[in-house]
Every structure is written in structure tokens, then in C-alpha cells.
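Colleague: Got a structure for you, written out below as C-alpha cells; questions coming shortly.
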Amino acid sequence: MKKGTSCKGRRADMGAFLNTYFFILVYLSLFSFHSVSNSFSLSCKLQRKFQLNELHMPGDVVLGGLFEVHYSSVFPEWTYTSEPQWPICKRFDTIGFRHAMTMAFAIDEINRSSVLLPNVTLGYSLYDNCGALIIGFSGGLSLASGREKHYVFEENCLGTPPVMGIVGDSASTFTIATSNVLGLYKMPIVSYFSTCSCLSHRQRFPSFFRTIPSDAFQVRAMIQILQHFSWTWVGLLVSDDDYGLHVARSFQSDLTLSSGGCLAYLEVLPWDSDPLKLSRIVDVMKTSTARVVMVFAQEFHMIHLMAEVLRQNVTGLQWIASEAWTASTVLQTPELMPYLKGTLGIGIRRGELPGLKEFLIQIHPDKVNNDSSGTSMVRQFWESTFRCKFVSPGWLKAGETLCNGKEDIRNVESDFLDVSNLRPEYNIYKAVYSLAYALDDVMKCEPGRGPFSGHSCANLQTLEPWQLVHYLQKVNFTTSFGDQVSFDENGDVLPIYDVINWLFLPDGKIKVQNVGDVKRSDFKGEVLQIDEDKIFWNFITKKPPQSVCSESCPPGTRMARKKGEPECCFDCVPCSEGKISNTTDSIECTSCPEDFWSSPKHDICVPKKTEFLSFHEPLGICLTTASLLGTFLCSVILVIFIHHRSTPMVRANNTELSFLLLVSLKLCFLCSLLFIGRPRLWTCKLRHAAFGIIFVLCVSCILVKTMVVLAVFKASKPGGGAVLKWFGAMQQRGTVLVLTSIQAVICTVWIVISSPSPHKNTKYYNDKIVYECVVGSTIGFVVLLGYIGFLAIISFLLAFLARNLPDNFNEAKLITFSMLIFCAVWVAFVPAYVNSPGKYADAVEIFAILASSFGLLVALFGPKCYIILLRPERNTKKAIIGRETTNLSK
């Protein structure tokens, strides 16, 4: 299997694995160790030796390696009655051999280090799996059990295995088979290329580690890229195998959990490359609104898919490649470049290995310890590279040349010396160093402070594999390239991938370049870093495409999913009144706090407008002006009355009560100002108390005046003089004081029990706060108004009875008229007040106060001022009582 297509083998096809595993068990039974039947014998003999391509270097500690140096094998037919034949390896893979030599280079570098494993020489045993599960599995068993024909056990049947750890294998299927068996003995295996997420099962693979991220992390890395470019509507193509189907399941679940987007379509690429199936898949891609297409498949899948894309001329797509084909060169052809240039992909981490090229140049068959079988991988590499043979001249076939060992590898065009894009090699390098650091920790263990039973330490002479697994689990180092290497509880390395972009060069060639990386940090989780300035975009705008099912919902709206469609397809619905959304693509609108309201765009909450009867608004100004005008008129009339206090008009109308009435009316006008302005606790308490007491004072004065008028009339009749003694000055003052005190008591009890208080009312308007004074106790307010009404009605009735008294200037008529106005105003006030919201209720109450006050002022004092100022000839005692004399004479 070629490296270009080796990703197929790197995934575990469990059905094929079970069949092959059964074949291995039967096959290996013919080559197994058999013990001597003598019960006293402590030796074993290898019945048959595996024919493996191999390379060895001795050392104090030996590490094993499994690599795909050949990618094809021929299996001869055999039966149980015939001598079984070993598979023949075909098609030498230069890149696979470079992988094996990278391990040799890493061990050579460690041996030359004075810091890591000082005074310890590492050796290696490298085997070729030939791209076949049976050969790779056999190589793993050979590394664990040894290759000697005879093996003598120690007396206690214990012994150190031939290798202390294995680097490999490349394919996930091969690694699963080997780890299933060697894991029983806790033999540490560090893979550099097996990505199946199933290998993270610690109970099943207790000694497995890897320096390449699992497919699960690759899926999450893809999602990170989608989220970075805000691609929420994407298509997914996967191969029809365990790799593709597992990725599809993982991608759908992880995408849902991360809320990163939705799949516009999910298609499975057929293994048989059926043209009809491929045509249908490309039709789906062409008609979909998704501009981003992710492909988790093998290289050969992409070759057949792109042939159909080329036939239908599907352009305008952004391709996202999995690491299986992201660095593939067979797709970088002039015919496909108009479609694939600008491709983004996930690639195995590329590293720099200084000195590797020089090490590779020095490789020569004469410098390597070859075994007697002549199956050295170096010899095979040499023969494949220079097209020659290491055989006797008589064995050469026609057209073949003899290898003389003087060939110079630097003069041959080969990928072997190209170290510009070291990706699997970098993982191999990290795997070897992981085992070396674990062995170094073994040597650094202090006796009595070790991790094992009784705080004991292990040593290299008696080291057992499970002890090395313990130290390998705790490995933590940083490579010279700056990457941290450590393993989690499942044996997975701290994952990191390169983000790769296919850059289109002016000369028409494609350069695969790194534009970022995605890795997991111990503290920050998964972190994606991308240098967008380096990315080549295959679009006219030279910018990332937009791939969404629905445009983002701006602030002030919320997403409403379309019925029967994925969650990425939605309508943007404006937030309702009083609710906002201040983020893009908000799922729901949030209600504003009680004192706030939504802005016109519904993107922020703004303080609600406050409403109360203000001194600065027109209505407040008019009412304030009327109040001050009434106060001013009261002051003017008071001055007039004081100035003309000795005149009959003033004296005839009970001067003291007139002055007190004017003062109370003046206070009535002024108390209306307490209803204007923002309600506060003291104004709420004062406004109704002042209003109630002052109006009772005013009405009490009128009531007493009315009673005095009636008393004077009765006193003018024979025998009625005794009545006046009940209406002297002291009695008048006392009556007014008692009546007013009753109201004062009512107000006091009201304020003490349930005081009026300011209140922010949000029921009248949704977007406004109405500041008002709630009366507290409704009963208290009703009693206050009822008492005023009671006194007003009594005054009205008494004045009405006295309206026809024989006086030239009968004040009872004026009182009757004024009380009629007063009662009419306050009867109309009650329903108007109850039905008026907010500040208009205060305005209604102020209007009632002003209207009744002006009615009393004008009705009681208007005619008197007219006579005093304009008709002074009528301001005489004779004029006032003249009519009375006339009437009496009649």
C-alpha cells in the first residue's frame, strides 16, 4: 500500500480485521514455539523462522520498529498438507524506508547525547510489514519474543524481552492486531501513524501510545476551522469504510454539541467509483447553497470524485481536506487546479529534524550490520534506487546490472533525501524520544523513593515492559522544534495539527504551505491559530466565501427556525416591545428590567421615560400660573378689604371671617402647587393633608358666615335677640377651630395608619413610568372628601334657606351661588379623577381645587369689590340696610 493511499490501511475495518485475525491464528500455529517434551528441559526451539525484512543494531537497550517499507505482498496458495510459504514483499516504498531510517537517526542522535541516557547505548530492530497484516503481526511477535532458534529460560522462568518498546505500526488495523496481543504483556507500543479513535480504549489497549492525534481530534479541528470563518452551512463527503462512517457520526455529534453549524448534505463516496453514484453526489453539491465542502476520504476517492467535478464543471466551492489527502500530489494537476487551488486542510504536524539529511546520505550497505539471509532493508533500498542487484554475476538476468557499492545516492533523483516536509517522520522522532525519556526516568530513580512496591526502583538489567509503561505514561518533554510531548490517560499525545493551504503560484504550480495550527493546550483547551494573510482563496474577491443557510440575525431580532429544516435555516423575527437582543443570531429576546424599555431598534434597554405633572410642561405652567394668579387676587382683595375695613360693606360682612376666608382661599391656591413636580414622600403626605385641612377651614368660615346671617335675621325679629349670644366672635372662632380640628384628626389618623406615598406606576404605559402619589388608605381619602362635602352641603342648604332675607346686600345669596359652584365642581371631580391616568389625575385634582377656589373667591368677593371700588356710593350703611327698612315698613 503506497503512502499516498496508506490512510486506507490506517483505519480499522473491524470486519476485515476479524477475518484476517482468524487467518493469522491458524497460520501462526504452524510456526509457533514448541517445548521439548522432556519435563526437565528448560529450553525452547523455534520450529520455523519468520522470513522478515529487517535491520538491526545492537545496544544495551533495544527498541523495535514496524514500518511499511514495501506496500504490496503476494500470498502464495497453500494447504494444510503442503509446506506453507511465506508471503513475498513487492514494490519497495522509498518513503517508508525513510521512516525506518528516521528511527535509526533518532537513536543515533540520542546515543551521541551526553544528557539523555548517558552511558547507555540504544539499539534497534526494525521490521518491514510489507503492507500486510500477517507480516506486520509476525514482526510484532518477533520483536516481543526474539528471533533466536534456541532460547534457554532462566530458572525462575523470567527474563528481559528482546526489545523494551516498539515504535509502530503505521496502519491502525495492524496496530490493533499487535496491541491486542502484546498488550496482554504490557509491551509498550508507540504508534506514529495510527489514528483510529478506537485505540484510545485504555482497557482494551493498556500499553498503547501514539504521537499522532486521533480522528476524533481531527474532527474537532475541522469544526474549529468552520467556526473561525463562520461557515455554518457545509457539505460533508466521507468514504464508505469505518474511517469515513465513524467520522460522519463524530462530526454530526460534535457539530451539534459545539453549535458550530449544520450539514447541508452528507454523502458517502462509493468504493467501486460508480459513475451514476458520483454524478448524483456532484449534482447535490452543485445545487446546494453550501459553498464549503469537507472531504474525509482516501486519495483514490478524490481522484474519481474530481473527475466528475471536472466533467460537470462545478466551480465556486471551498474544499476542506482531511489529513488523508491534504498533501496529495497526484491531485495537483493542471486540469484540477482551477477547482482545487485554495484548498484548506488538516495535516500532520510538520517538524524540522536538523542533521537527518546528512544521516540519510551516509546510509550504505557496507556500513550496516546485515544478517546472513541477505534480507537487509538497506540492500533492498539500494537495489530499488540504483536499479541493480547484490548477487553473483552469474545470477544476473538480462538487462540487470550489478551493485558495486560505489553508487552515490546524491546523484539520483529521489524523494528519499527530500526533508522539506517531514510529517510522519516528525512523529517517529517524537515516538523514539518518548521511549528514551521514559528509560532515562528509569535510570534517574532514587532507591527507596521509587514508584513500585516498597518504593523500589526498576533497572535496565531487570526492567519489565509494564514498568516502562508506567514511566512512559508520565513522559513530558519539549522537542527542539518547540512542541510539547505528553500523553493523557488514554495514551493519546497532546494533539496538534497543521492547517495547510494550497497556494497557487504565478508559474502555475501549487505550493502546499502551512498557514496555522490547531492544538490542545493543558490550560486553554483546543486553540486554533491561522494567519489569514497567507491563505490563497480561489475566488474573485480573494476573501473567504460565505457559506450559510440563512443570513445572520442582527441585534434586535431573534432566530425562528424554519419548520422541517436544519437549525441553521431560520427567519429573523423582530423582538417584541419591551424585549431586546444585543447579540448576533440571538435565539431569544430578553425582557428589559422593570424600569427600562427597549430602544427603537430593540438592541438595548433604555431607561423608561418618566411622567409626572412637571412645572416645565405647558399643562404644569398653566396650572401654576392659575394658582399664582388666584393667590395674587386673594392678596389684592385682602389688601382692599384691609384698606376699606372701616367701610360698611366690609364691616357688614363679618370682617374677621372675611379676612380668615381670604387667607384660607389663598392657601387653597397655594396648596395646588404641591400636586405639581415629582412626587416625593413629604409632598405626598402634605398635599392631601394640606388640601383637606385648608378646604375645611375655608368651608367652615363660609358655614359660620351663613349661620351668622341667619342668626342676625332671627335677632331682628321680636324676641330673637337671645340668638346672637351663641354667635359672638369667640363662638365663631371656636366653631371654625373645632370643625377644622376634626379634619386635622382625620388627616393625622390617615397618615399614621396608611400614609400616601410616591409610586412608580408601569400599568398605564409600557414604555413610561408614571410617578404618582397613591392615597394609601382609600377610606381615609373618602372620609376626608366626605367631610368637606358634608360641610359644603350644610353651608349650601343654610345659605339656600337664607337667600331671600330682606337685605339690600344679602350675602346668603352669594354663599348659595358659591356653594353651588363648589359642590358642582367636586361632584364632577370624583369620576374625572378616578378615570384619569397618571399626571392627568393630579391635573384634575388641581383643576378642581382652582375651580372651586376661584368660584368661592369670585362669587363671595367679586360683588363686594365691585361696590367698594367702582360703586363707592353704595358702600354706605343706609344703602346696605335701606331696602330692609322699606321692606319692614311694608
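Going through the C-alpha cells in order, the chains are called A, B, and so on, while each chain numbers its residues from 1 and the ligands are numbered from 1 in the order shown.
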Would you give me, as an MDAnalysis selection string, the residues in segment 123-362 of chain A that DSSP reads as alpha helix (DSSP H)?
Modeller: chainID A and resid 133:145 172:182 215:228 242:258 275:287 299:312 337:340 356:361
Colleague: Quick one: residues within 6 Å of Pro758 of chain A, only C-alpha atoms counted, chain neighbours fewer than 3 positions away excluded, as a PDB file with C-alpha atoms, in the first residue's frame?
Modeller:
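Below is the file that was written, selection38.pdb:
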```pdb
ATOM      1  CA  PRO A 679     -43.919  63.080  43.833  1.00  0.00           C
ATOM      2  CA  ARG A 680     -41.891  62.610  46.978  1.00  0.00           C
ATOM      3  CA  LEU A 681     -42.792  61.157  50.317  1.00  0.00           C
ATOM      4  CA  GLU A 772     -47.873  59.327  41.247  1.00  0.00           C
ATOM      5  CA  CYS A 773     -48.959  59.504  44.853  1.00  0.00           C
TER       6      CYS A 773
END
```
Colleague: Work out how far apart atom CA of Lys357 of chain A and atom CA of Thr385 of chain A are and give it in Å to one decimal.
Modeller: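 The value is 16.5 Å.
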Colleague: Could you tell me how far atom CA of Pro872 of chain A lies from atom CA of Cys634 of chain A, in Å and to one decimal?
Modeller: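 Rounded to one decimal, the two atoms are 20.6 Å apart.
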Colleague: Quick one: which segment 162-256 of chain A residues come within 6 Å of segment 478-501 of chain A, and what is the nearest atom pair for each with the distance in Å to one decimal, counting only C-alpha atoms, rows ordered by chain and ascending number, as CSV?
Modeller:
```
residue,atom,partner,partner_atom,distance
A:Ser200,CA,A:Asn490,CA,5.2
A:Arg202,CA,A:Asn490,CA,5.3
A:Phe209,CA,A:Gly491,CA,4.3
A:Arg210,CA,A:Asp492,CA,5.7
A:Thr211,CA,A:Val493,CA,5.2
A:Pro213,CA,A:Pro495,CA,5.0
```
Colleague: Pick out the closest residue to Cys668 of chain A from this set: A:Glu299, A:Glu845, A:Glu611, A:Asp531. Count only C-alpha atoms.
Modeller: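 Looking only at the distances to Cys668 of chain A, the closest residue turns out to be A:Glu845.
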Colleague: Using only C-alpha atoms, which protein or nucleic acid residues come within 9 Å of Val309 of chain A? Drop anything in the same chain fewer than 4 positions from it, and give the result as a list in words.
Modeller: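 Counting only the stated atoms, we get Leu278, Ser279, Val282, His304, Leu305, Asn313, Val314, Thr315 and Tyr339 of chain A.
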Colleague: With only C-alpha atoms as the basis for distance, which of A:Trp325, A:Ser627, A:Cys701, A:Leu657 is at the shortest distance from Leu670 of chain A?
Modeller: A:Ser627
Colleague: Using only C-alpha atoms, which residues of segment 211-314 of chain A come within 12 Å of segment 569-580 of chain A, and what is the closest atom pair for each, with the distance in Å to one decimal? Give it as CSV, sorted by chain and residue number.
Modeller:
```
residue,atom,partner,partner_atom,distance
A:Thr232,CA,A:Cys569,CA,9.8
A:Trp233,CA,A:Cys569,CA,8.9
A:Gly261,CA,A:Cys569,CA,9.9
A:Cys262,CA,A:Cys569,CA,8.8
A:Leu263,CA,A:Cys569,CA,10.8
A:Ala264,CA,A:Cys569,CA,9.9
A:Thr289,CA,A:Cys569,CA,11.4
A:Ala290,CA,A:Cys569,CA,11.8
```
Colleague: Mind writing the picked residues with N, CA, C and O atoms as a PDB file, in the first residue's frame?
Modeller:
```
ATOM      1  N   THR A 232     -21.296  28.037   8.588  1.00  0.00           N
ATOM      2  CA  THR A 232     -22.300  27.269   9.346  1.00  0.00           C
ATOM      3  C   THR A 232     -23.130  26.348   8.468  1.00  0.00           C
ATOM      4  O   THR A 232     -23.983  25.626   8.982  1.00  0.00           O
ATOM      5  N   TRP A 233     -22.884  26.369   7.170  1.00  0.00           N
ATOM      6  CA  TRP A 233     -23.685  25.580   6.238  1.00  0.00           C
ATOM      7  C   TRP A 233     -22.723  24.877   5.286  1.00  0.00           C
ATOM      8  O   TRP A 233     -22.228  25.465   4.343  1.00  0.00           O
ATOM      9  N   GLY A 261     -22.638  24.747  13.455  1.00  0.00           N
ATOM     10  CA  GLY A 261     -23.273  24.838  12.163  1.00  0.00           C
ATOM     11  C   GLY A 261     -24.104  23.605  11.868  1.00  0.00           C
ATOM     12  O   GLY A 261     -24.434  22.824  12.757  1.00  0.00           O
ATOM     13  N   CYS A 262     -24.428  23.426  10.597  1.00  0.00           N
ATOM     14  CA  CYS A 262     -25.269  22.322  10.166  1.00  0.00           C
ATOM     15  C   CYS A 262     -24.716  21.740   8.878  1.00  0.00           C
ATOM     16  O   CYS A 262     -23.997  22.411   8.128  1.00  0.00           O
ATOM     17  N   LEU A 263     -25.084  20.512   8.621  1.00  0.00           N
ATOM     18  CA  LEU A 263     -24.711  19.845   7.380  1.00  0.00           C
ATOM     19  C   LEU A 263     -25.797  20.074   6.338  1.00  0.00           C
ATOM     20  O   LEU A 263     -26.966  19.735   6.553  1.00  0.00           O
ATOM     21  N   ALA A 264     -25.382  20.672   5.228  1.00  0.00           N
ATOM     22  CA  ALA A 264     -26.328  20.845   4.127  1.00  0.00           C
ATOM     23  C   ALA A 264     -26.617  19.497   3.478  1.00  0.00           C
ATOM     24  O   ALA A 264     -27.742  19.244   3.026  1.00  0.00           O
ATOM     25  N   THR A 289     -26.789  25.229  -1.598  1.00  0.00           N
ATOM     26  CA  THR A 289     -26.334  26.599  -1.327  1.00  0.00           C
ATOM     27  C   THR A 289     -25.067  26.631  -0.484  1.00  0.00           C
ATOM     28  O   THR A 289     -24.511  27.699  -0.256  1.00  0.00           O
ATOM     29  N   ALA A 290     -24.616  25.465  -0.012  1.00  0.00           N
ATOM     30  CA  ALA A 290     -23.378  25.396   0.775  1.00  0.00           C
ATOM     31  C   ALA A 290     -22.183  25.591  -0.147  1.00  0.00           C
ATOM     32  O   ALA A 290     -22.053  24.911  -1.171  1.00  0.00           O
TER      33      ALA A 290
END
```
Colleague: Using the chain letters and numbers from this document, which residues of segment 372-523 of chain A does DSSP assign to strand (DSSP E), as JSON, numbers by chain?
Modeller: {"A": [388, 389, 401, 402, 476, 477, 478, 484, 485, 486, 496, 497, 498, 499, 500, 501, 502, 503, 504, 510, 511, 512, 513, 514, 515, 516, 517, 518, 519, 520, 521]}
Colleague: Keeping only N, CA and C atoms, take the residues you just selected and write them out as a PDB file, in the first residue's frame.
Modeller:
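File produced: selection_11.pdb:
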```
ATOM      1  N   CYS A 388      19.899  -2.036  -9.508  1.00  0.00           N
ATOM      2  CA  CYS A 388      20.985  -3.005  -9.590  1.00  0.00           C
ATOM      3  C   CYS A 388      20.712  -4.140  -8.624  1.00  0.00           C
ATOM      4  N   LYS A 389      21.578  -5.165  -8.621  1.00  0.00           N
ATOM      5  CA  LYS A 389      21.377  -6.338  -7.785  1.00  0.00           C
ATOM      6  C   LYS A 389      22.665  -6.686  -7.041  1.00  0.00           C
ATOM      7  N   THR A 401      21.933  -4.947 -13.772  1.00  0.00           N
ATOM      8  CA  THR A 401      23.320  -4.573 -13.500  1.00  0.00           C
ATOM      9  C   THR A 401      23.680  -4.990 -12.090  1.00  0.00           C
ATOM     10  N   LEU A 402      24.968  -5.058 -11.852  1.00  0.00           N
ATOM     11  CA  LEU A 402      25.472  -5.477 -10.559  1.00  0.00           C
ATOM     12  C   LEU A 402      25.760  -4.252  -9.696  1.00  0.00           C
ATOM     13  N   ASN A 476       6.989  13.828  29.679  1.00  0.00           N
ATOM     14  CA  ASN A 476       6.620  15.208  29.349  1.00  0.00           C
ATOM     15  C   ASN A 476       7.890  15.961  28.969  1.00  0.00           C
ATOM     16  N   PHE A 477       8.048  16.250  27.695  1.00  0.00           N
ATOM     17  CA  PHE A 477       9.246  16.958  27.231  1.00  0.00           C
ATOM     18  C   PHE A 477       8.869  17.844  26.045  1.00  0.00           C
ATOM     19  N   THR A 478       9.770  18.690  25.659  1.00  0.00           N
ATOM     20  CA  THR A 478       9.568  19.609  24.542  1.00  0.00           C
ATOM     21  C   THR A 478      10.629  19.342  23.494  1.00  0.00           C
ATOM     22  N   GLN A 484       5.357  20.442  22.680  1.00  0.00           N
ATOM     23  CA  GLN A 484       5.302  19.676  23.918  1.00  0.00           C
ATOM     24  C   GLN A 484       4.765  18.279  23.631  1.00  0.00           C
ATOM     25  N   VAL A 485       5.407  17.282  24.230  1.00  0.00           N
ATOM     26  CA  VAL A 485       5.007  15.891  24.048  1.00  0.00           C
ATOM     27  C   VAL A 485       4.661  15.307  25.415  1.00  0.00           C
ATOM     28  N   SER A 486       3.431  14.900  25.567  1.00  0.00           N
ATOM     29  CA  SER A 486       2.982  14.210  26.775  1.00  0.00           C
ATOM     30  C   SER A 486       1.755  13.395  26.400  1.00  0.00           C
ATOM     31  N   ILE A 496      -1.825  18.004  18.038  1.00  0.00           N
ATOM     32  CA  ILE A 496      -1.540  19.206  17.260  1.00  0.00           C
ATOM     33  C   ILE A 496      -1.585  18.843  15.788  1.00  0.00           C
ATOM     34  N   TYR A 497      -2.203  19.677  15.010  1.00  0.00           N
ATOM     35  CA  TYR A 497      -2.265  19.527  13.558  1.00  0.00           C
ATOM     36  C   TYR A 497      -1.843  20.842  12.908  1.00  0.00           C
ATOM     37  N   ASP A 498      -1.279  20.743  11.724  1.00  0.00           N
ATOM     38  CA  ASP A 498      -1.015  21.924  10.908  1.00  0.00           C
ATOM     39  C   ASP A 498      -2.229  22.221  10.042  1.00  0.00           C
ATOM     40  N   VAL A 499      -2.484  23.491   9.826  1.00  0.00           N
ATOM     41  CA  VAL A 499      -3.513  23.908   8.869  1.00  0.00           C
ATOM     42  C   VAL A 499      -2.795  24.237   7.562  1.00  0.00           C
ATOM     43  N   ILE A 500      -3.181  23.565   6.486  1.00  0.00           N
ATOM     44  CA  ILE A 500      -2.466  23.622   5.214  1.00  0.00           C
ATOM     45  C   ILE A 500      -3.335  24.282   4.159  1.00  0.00           C
ATOM     46  N   ASN A 501      -2.682  25.041   3.280  1.00  0.00           N
ATOM     47  CA  ASN A 501      -3.371  25.728   2.185  1.00  0.00           C
ATOM     48  C   ASN A 501      -2.622  25.477   0.884  1.00  0.00           C
ATOM     49  N   TRP A 502      -3.390  25.211  -0.175  1.00  0.00           N
ATOM     50  CA  TRP A 502      -2.778  25.001  -1.483  1.00  0.00           C
ATOM     51  C   TRP A 502      -2.636  26.366  -2.158  1.00  0.00           C
ATOM     52  N   LEU A 503      -1.412  26.874  -2.114  1.00  0.00           N
ATOM     53  CA  LEU A 503      -1.123  28.208  -2.661  1.00  0.00           C
ATOM     54  C   LEU A 503      -0.839  28.104  -4.154  1.00  0.00           C
ATOM     55  N   PHE A 504      -1.519  28.939  -4.912  1.00  0.00           N
ATOM     56  CA  PHE A 504      -1.332  28.970  -6.366  1.00  0.00           C
ATOM     57  C   PHE A 504      -0.237  29.969  -6.708  1.00  0.00           C
ATOM     58  N   ILE A 510       1.582  24.583  -7.683  1.00  0.00           N
ATOM     59  CA  ILE A 510       0.912  24.629  -6.389  1.00  0.00           C
ATOM     60  C   ILE A 510       1.938  24.381  -5.294  1.00  0.00           C
ATOM     61  N   LYS A 511       1.884  25.206  -4.282  1.00  0.00           N
ATOM     62  CA  LYS A 511       2.742  25.027  -3.112  1.00  0.00           C
ATOM     63  C   LYS A 511       1.851  24.730  -1.907  1.00  0.00           C
ATOM     64  N   VAL A 512       2.132  23.637  -1.241  1.00  0.00           N
ATOM     65  CA  VAL A 512       1.403  23.288  -0.035  1.00  0.00           C
ATOM     66  C   VAL A 512       2.110  23.931   1.149  1.00  0.00           C
ATOM     67  N   GLN A 513       1.469  24.921   1.751  1.00  0.00           N
ATOM     68  CA  GLN A 513       2.118  25.697   2.803  1.00  0.00           C
ATOM     69  C   GLN A 513       1.299  25.673   4.088  1.00  0.00           C
ATOM     70  N   ASN A 514       2.031  25.823   5.192  1.00  0.00           N
ATOM     71  CA  ASN A 514       1.374  25.934   6.497  1.00  0.00           C
ATOM     72  C   ASN A 514       0.852  27.348   6.688  1.00  0.00           C
ATOM     73  N   VAL A 515      -0.393  27.450   7.124  1.00  0.00           N
ATOM     74  CA  VAL A 515      -0.981  28.766   7.404  1.00  0.00           C
ATOM     75  C   VAL A 515      -1.450  28.867   8.843  1.00  0.00           C
ATOM     76  N   GLY A 516      -1.152  27.850   9.648  1.00  0.00           N
ATOM     77  CA  GLY A 516      -1.560  27.894  11.056  1.00  0.00           C
ATOM     78  C   GLY A 516      -1.480  26.520  11.675  1.00  0.00           C
ATOM     79  N   ASP A 517      -2.020  26.399  12.840  1.00  0.00           N
ATOM     80  CA  ASP A 517      -2.080  25.109  13.521  1.00  0.00           C
ATOM     81  C   ASP A 517      -3.252  25.099  14.482  1.00  0.00           C
ATOM     82  N   VAL A 518      -3.617  23.910  14.866  1.00  0.00           N
ATOM     83  CA  VAL A 518      -4.661  23.726  15.867  1.00  0.00           C
ATOM     84  C   VAL A 518      -4.141  22.687  16.847  1.00  0.00           C
ATOM     85  N   LYS A 519      -4.189  23.027  18.122  1.00  0.00           N
ATOM     86  CA  LYS A 519      -3.626  22.142  19.130  1.00  0.00           C
ATOM     87  C   LYS A 519      -4.434  22.279  20.408  1.00  0.00           C
ATOM     88  N   ARG A 520      -4.218  21.292  21.260  1.00  0.00           N
ATOM     89  CA  ARG A 520      -4.878  21.315  22.559  1.00  0.00           C
ATOM     90  C   ARG A 520      -3.867  21.718  23.616  1.00  0.00           C
ATOM     91  N   SER A 521      -4.249  22.678  24.415  1.00  0.00           N
ATOM     92  CA  SER A 521      -3.401  23.144  25.499  1.00  0.00           C
ATOM     93  C   SER A 521      -3.946  22.627  26.813  1.00  0.00           C
TER      94      SER A 521
END
```
Colleague: Need the shell around Leu116 of chain A: protein/DNA/RNA residues with any atom at most 9 Å away, counting only C-alpha atoms. Skip same-chain ones fewer than 3 positions apart. Format as JSON, numbers by chain?
Modeller: {"A": [110, 111, 112, 113, 120, 436, 437, 440]}
Colleague: Okay, now the selection with N, CA, C and O atoms, as a CSV table (one decimal), in the first residue's frame?
Modeller:
```csv
chain,number,residue,atom,x,y,z
A,110,ILE,N,20.3,10.2,20.0
A,110,ILE,CA,20.3,10.0,21.5
A,110,ILE,C,21.6,9.4,22.0
A,110,ILE,O,22.1,9.8,23.1
A,111,ASN,N,22.1,8.5,21.2
A,111,ASN,CA,23.4,7.8,21.7
A,111,ASN,C,24.5,8.8,21.7
A,111,ASN,O,25.5,8.7,22.5
A,112,ARG,N,24.5,9.9,20.9
A,112,ARG,CA,25.5,10.9,20.9
A,112,ARG,C,25.3,12.0,21.9
A,112,ARG,O,26.1,12.9,22.1
A,113,SER,N,24.1,12.0,22.6
A,113,SER,CA,23.8,13.0,23.6
A,113,SER,C,24.4,12.6,24.9
A,113,SER,O,24.5,11.5,25.3
A,120,VAL,N,24.5,4.8,28.2
A,120,VAL,CA,23.6,3.8,27.8
A,120,VAL,C,23.5,3.9,26.2
A,120,VAL,O,23.3,5.0,25.7
A,436,ALA,N,12.8,7.0,25.0
A,436,ALA,CA,14.2,7.3,25.5
A,436,ALA,C,14.0,8.1,26.8
A,436,ALA,O,14.7,7.8,27.8
A,437,TYR,N,13.1,9.0,26.9
A,437,TYR,CA,12.9,9.8,28.1
A,437,TYR,C,12.3,8.9,29.2
A,437,TYR,O,12.6,9.1,30.4
A,440,ASP,N,15.2,7.1,30.5
A,440,ASP,CA,16.0,8.0,31.3
A,440,ASP,C,15.4,8.2,32.7
A,440,ASP,O,16.2,8.2,33.7
```
